[in-house]
file entry11.pdb (PDB, C-alpha atoms and all ligand atoms)
ATOM      1  CA  MET A   1      13.806  -0.849  95.614  1.00  0.00           C
ATOM      2  CA  ARG A   2      15.140   1.221  98.432  1.00  0.00           C
ATOM      3  CA  VAL A   3      18.657   2.515  97.888  1.00  0.00           C
ATOM      4  CA  THR A   4      21.002   2.584 100.850  1.00  0.00           C
ATOM      5  CA  VAL A   5      24.133   4.687 101.014  1.00  0.00           C
ATOM      6  CA  ARG A   6      26.637   4.079 103.763  1.00  0.00           C
ATOM      7  CA  VAL A   7      30.156   4.987 104.756  1.00  0.00           C
ATOM      8  CA  GLU A   8      32.488   2.003 104.881  1.00  0.00           C
ATOM      9  CA  PRO A   9      35.880   2.147 106.611  1.00  0.00           C
ATOM     10  CA  ARG A  10      38.688   0.816 104.430  1.00  0.00           C
ATOM     11  CA  HIS A  11      42.311  -0.213 104.762  1.00  0.00           C
ATOM     12  CA  ALA A  12      45.051   1.311 102.611  1.00  0.00           C
ATOM     13  CA  ASP A  13      44.625  -1.555 100.104  1.00  0.00           C
ATOM     14  CA  ASN A  14      40.914  -0.654  99.752  1.00  0.00           C
ATOM     15  CA  THR A  15      39.565  -3.715 101.581  1.00  0.00           C
ATOM     16  CA  ALA A  16      36.764  -3.157 104.095  1.00  0.00           C
ATOM     17  CA  CYS A  17      37.805  -2.678 107.718  1.00  0.00           C
ATOM     18  CA  GLY A  18      35.435  -4.267 110.207  1.00  0.00           C
ATOM     19  CA  HIS A  19      38.022  -4.332 112.965  1.00  0.00           C
ATOM     20  CA  ALA A  20      37.805  -2.482 116.228  1.00  0.00           C
ATOM     21  CA  VAL A  21      40.088   0.535 115.904  1.00  0.00           C
ATOM     22  CA  LYS A  22      41.090   3.443 118.080  1.00  0.00           C
ATOM     23  CA  PRO A  23      40.083   6.964 117.057  1.00  0.00           C
ATOM     24  CA  SER A  24      43.559   7.280 115.516  1.00  0.00           C
ATOM     25  CA  GLY A  25      42.721   4.494 113.039  1.00  0.00           C
ATOM     26  CA  LYS A  26      45.170   2.047 114.615  1.00  0.00           C
ATOM     27  CA  PRO A  27      43.835  -1.399 115.548  1.00  0.00           C
ATOM     28  CA  ARG A  28      42.554  -1.668 119.114  1.00  0.00           C
ATOM     29  CA  ASP A  29      44.102  -5.127 119.442  1.00  0.00           C
ATOM     30  CA  PRO A  30      47.868  -5.025 118.697  1.00  0.00           C
ATOM     31  CA  GLY A  31      47.678  -8.699 117.652  1.00  0.00           C
ATOM     32  CA  SER A  32      44.892  -8.031 115.165  1.00  0.00           C
ATOM     33  CA  ALA A  33      45.422  -8.638 111.438  1.00  0.00           C
ATOM     34  CA  CYS A  34      44.219  -5.095 110.807  1.00  0.00           C
ATOM     35  CA  PRO A  35      46.840  -2.989 109.005  1.00  0.00           C
ATOM     36  CA  GLY A  36      45.068   0.187 110.087  1.00  0.00           C
ATOM     37  CA  ARG A  37      42.065   2.126 108.868  1.00  0.00           C
ATOM     38  CA  THR A  38      43.163   4.796 106.429  1.00  0.00           C
ATOM     39  CA  GLN A  39      40.153   5.797 104.333  1.00  0.00           C
ATOM     40  CA  PHE A  40      36.370   5.882 104.183  1.00  0.00           C
ATOM     41  CA  ALA A  41      34.444   4.911 101.071  1.00  0.00           C
ATOM     42  CA  VAL A  42      30.871   5.961 100.283  1.00  0.00           C
ATOM     43  CA  VAL A  43      29.084   2.800  99.165  1.00  0.00           C
ATOM     44  CA  CYS A  44      25.710   2.858  97.396  1.00  0.00           C
ATOM     45  CA  SER A  45      23.565  -0.275  97.120  1.00  0.00           C
ATOM     46  CA  GLU A  46      22.880   0.629  93.500  1.00  0.00           C
ATOM     47  CA  HIS A  47      26.147   2.193  92.315  1.00  0.00           C
ATOM     48  CA  GLY A  48      28.748   0.531  94.506  1.00  0.00           C
ATOM     49  CA  ASP A  49      31.618   2.834  95.424  1.00  0.00           C
ATOM     50  CA  VAL A  50      30.749   6.494  94.913  1.00  0.00           C
ATOM     51  CA  ASP A  51      33.724   8.573  93.734  1.00  0.00           C
ATOM     52  CA  GLN A  52      37.050   8.058  95.462  1.00  0.00           C
ATOM     53  CA  PRO A  53      37.400   7.057  99.122  1.00  0.00           C
ATOM     54  CA  HIS A  54      37.876   9.906 101.566  1.00  0.00           C
ATOM     55  CA  HIS A  55      40.708  10.065 104.031  1.00  0.00           C
ATOM     56  CA  VAL A  56      38.577  11.180 106.921  1.00  0.00           C
ATOM     57  CA  ARG A  57      35.045  10.273 107.952  1.00  0.00           C
ATOM     58  CA  VAL A  58      33.975  13.918 108.307  1.00  0.00           C
ATOM     59  CA  LEU A  59      34.398  14.261 104.531  1.00  0.00           C
ATOM     60  CA  ALA A  60      32.770  10.920 103.687  1.00  0.00           C
ATOM     61  CA  GLU A  61      29.580  11.596 105.686  1.00  0.00           C
ATOM     62  CA  PRO A  62      28.527  14.702 103.696  1.00  0.00           C
ATOM     63  CA  ALA A  63      29.379  12.901 100.434  1.00  0.00           C
ATOM     64  CA  ALA A  64      27.062  10.049 101.479  1.00  0.00           C
ATOM     65  CA  THR A  65      24.328  12.536 102.380  1.00  0.00           C
ATOM     66  CA  GLU A  66      24.733  14.275  99.027  1.00  0.00           C
ATOM     67  CA  HIS A  67      24.481  10.978  97.147  1.00  0.00           C
ATOM     68  CA  ARG A  68      21.292  10.064  99.063  1.00  0.00           C
ATOM     69  CA  GLN A  69      19.814  13.402  98.026  1.00  0.00           C
ATOM     70  CA  GLN A  70      20.676  12.701  94.394  1.00  0.00           C
ATOM     71  CA  HIS A  71      18.628   9.507  94.636  1.00  0.00           C
ATOM     72  CA  ARG A  72      15.756  11.404  96.192  1.00  0.00           C
ATOM     73  CA  ALA A  73      15.842  13.935  93.341  1.00  0.00           C
ATOM     74  CA  ALA A  74      16.005  11.236  90.634  1.00  0.00           C
ATOM     75  CA  PRO A  75      14.431   8.027  91.954  1.00  0.00           C
ATOM     76  CA  ALA A  76      15.848   4.706  90.826  1.00  0.00           C
ATOM     77  CA  THR A  77      13.893   2.590  88.318  1.00  0.00           C
ATOM     78  CA  ARG A  78      10.511   1.591  89.659  1.00  0.00           C
TER      79      ARG A  78
HETATM   80 ZN    ZN B 101      40.908  -3.257 109.806  1.00  0.00          ZN
HETATM   81 ZN    ZN B 102      23.675   5.577  94.095  1.00  0.00          ZN
END
call {"tool": "encode", "arguments": {"input": "entry11.pdb", "output": "structure tokens"}}
result
Amino acid sequence: MRVTVRVEPRHADNTACGHAVKPSGKPRDPGSACPGRTQFAVVCSEHGDVDQPHHVRVLAEPAATEHRQQHRAAPATR
């Protein structure tokens, strides 16, 4: 099975944010239910959340890359 690792934007309460937001993290639509995007979680298809969410995407991206490399080094069950 192929493992996928992605960075998922989250709200402060740790729910996924699929809203359109400005680069600042504020919702693009002022009337949106989005409370604001405050963190980025690394989510693995096999392990779920990897470590703690990161506050900025530039820190989450390398963590996701590192986790992918760990899978490459030690392949999941065949
Ligand atoms: Zn949102
Ligand atoms: Zn994993």
call {"tool": "atom_distance", "arguments": {"input": "entry11.pdb", "atom1": "atom CA of A:Pro53", "atom2": "atom CA of A:Arg6"}}
result
12.1 Å
call {"tool": "closest_atom_pairs", "arguments": {"input": "entry11.pdb", "of": "chain A", "to": "ligand ZN 101 (chain B)", "cutoff": "7 Å", "atoms": "all atoms listed in the file", "output": "CSV"}}
result
residue,atom,partner,partner_atom,distance
A:His11,CA,B:ZN101,ZN,6.1
A:Cys17,CA,B:ZN101,ZN,3.8
A:Gly18,CA,B:ZN101,ZN,5.6
A:His19,CA,B:ZN101,ZN,4.4
A:Pro27,CA,B:ZN101,ZN,6.7
A:Cys34,CA,B:ZN101,ZN,3.9
A:Pro35,CA,B:ZN101,ZN,6.0
A:Gly36,CA,B:ZN101,ZN,5.4
A:Arg37,CA,B:ZN101,ZN,5.6
call {"tool": "closest_atom_pairs", "arguments": {"input": "entry11.pdb", "of": "chain A", "to": "ligand ZN 102 (chain B)", "cutoff": "12 Å", "atoms": "all atoms listed in the file", "output": "JSON lines"}}
result
{"residue": "A:Met1", "atom": "CA", "partner": "B:ZN102", "partner_atom": "ZN", "distance": 11.9}
{"residue": "A:Arg2", "atom": "CA", "partner": "B:ZN102", "partner_atom": "ZN", "distance": 10.5}
{"residue": "A:Val3", "atom": "CA", "partner": "B:ZN102", "partner_atom": "ZN", "distance": 7.0}
{"residue": "A:Thr4", "atom": "CA", "partner": "B:ZN102", "partner_atom": "ZN", "distance": 7.9}
{"residue": "A:Val5", "atom": "CA", "partner": "B:ZN102", "partner_atom": "ZN", "distance": 7.0}
{"residue": "A:Arg6", "atom": "CA", "partner": "B:ZN102", "partner_atom": "ZN", "distance": 10.2}
{"residue": "A:Val42", "atom": "CA", "partner": "B:ZN102", "partner_atom": "ZN", "distance": 9.5}
{"residue": "A:Val43", "atom": "CA", "partner": "B:ZN102", "partner_atom": "ZN", "distance": 7.9}
{"residue": "A:Cys44", "atom": "CA", "partner": "B:ZN102", "partner_atom": "ZN", "distance": 4.7}
{"residue": "A:Ser45", "atom": "CA", "partner": "B:ZN102", "partner_atom": "ZN", "distance": 6.6}
{"residue": "A:Glu46", "atom": "CA", "partner": "B:ZN102", "partner_atom": "ZN", "distance": 5.0}
{"residue": "A:His47", "atom": "CA", "partner": "B:ZN102", "partner_atom": "ZN", "distance": 4.6}
{"residue": "A:Gly48", "atom": "CA", "partner": "B:ZN102", "partner_atom": "ZN", "distance": 7.2}
{"residue": "A:Asp49", "atom": "CA", "partner": "B:ZN102", "partner_atom": "ZN", "distance": 8.5}
{"residue": "A:Val50", "atom": "CA", "partner": "B:ZN102", "partner_atom": "ZN", "distance": 7.2}
{"residue": "A:Asp51", "atom": "CA", "partner": "B:ZN102", "partner_atom": "ZN", "distance": 10.5}
{"residue": "A:Ala63", "atom": "CA", "partner": "B:ZN102", "partner_atom": "ZN", "distance": 11.2}
{"residue": "A:Ala64", "atom": "CA", "partner": "B:ZN102", "partner_atom": "ZN", "distance": 9.3}
{"residue": "A:Thr65", "atom": "CA", "partner": "B:ZN102", "partner_atom": "ZN", "distance": 10.8}
{"residue": "A:Glu66", "atom": "CA", "partner": "B:ZN102", "partner_atom": "ZN", "distance": 10.1}
{"residue": "A:His67", "atom": "CA", "partner": "B:ZN102", "partner_atom": "ZN", "distance": 6.3}
{"residue": "A:Arg68", "atom": "CA", "partner": "B:ZN102", "partner_atom": "ZN", "distance": 7.1}
{"residue": "A:Gln69", "atom": "CA", "partner": "B:ZN102", "partner_atom": "ZN", "distance": 9.6}
{"residue": "A:Gln70", "atom": "CA", "partner": "B:ZN102", "partner_atom": "ZN", "distance": 7.7}
{"residue": "A:His71", "atom": "CA", "partner": "B:ZN102", "partner_atom": "ZN", "distance": 6.4}
{"residue": "A:Arg72", "atom": "CA", "partner": "B:ZN102", "partner_atom": "ZN", "distance": 10.1}
{"residue": "A:Ala73", "atom": "CA", "partner": "B:ZN102", "partner_atom": "ZN", "distance": 11.5}
{"residue": "A:Ala74", "atom": "CA", "partner": "B:ZN102", "partner_atom": "ZN", "distance": 10.1}
{"residue": "A:Pro75", "atom": "CA", "partner": "B:ZN102", "partner_atom": "ZN", "distance": 9.8}
{"residue": "A:Ala76", "atom": "CA", "partner": "B:ZN102", "partner_atom": "ZN", "distance": 8.5}
{"residue": "A:Thr77", "atom": "CA", "partner": "B:ZN102", "partner_atom": "ZN", "distance": 11.7}
call {"tool": "residues_around", "arguments": {"input": "entry11.pdb", "residues": "A:His55", "least_positions_apart": "6", "cutoff": "12 Å", "atoms": "only C-alpha atoms", "output": "list in words"}}
result
Val7, Glu8, Pro9, Arg10, His11, Ala12, Asn14, Gly25, Arg37, Thr38, Gln39, Phe40, Ala41, Val42 and Glu61 of chain A
call {"tool": "atom_distance", "arguments": {"input": "entry11.pdb", "atom1": "atom CA of A:Val56", "atom2": "atom CA of A:Arg28"}}
result
18.2 Å
call {"tool": "atom_distance", "arguments": {"input": "entry11.pdb", "atom1": "atom CA of A:Lys26", "atom2": "atom CA of A:Pro62"}}
result
23.6 Å
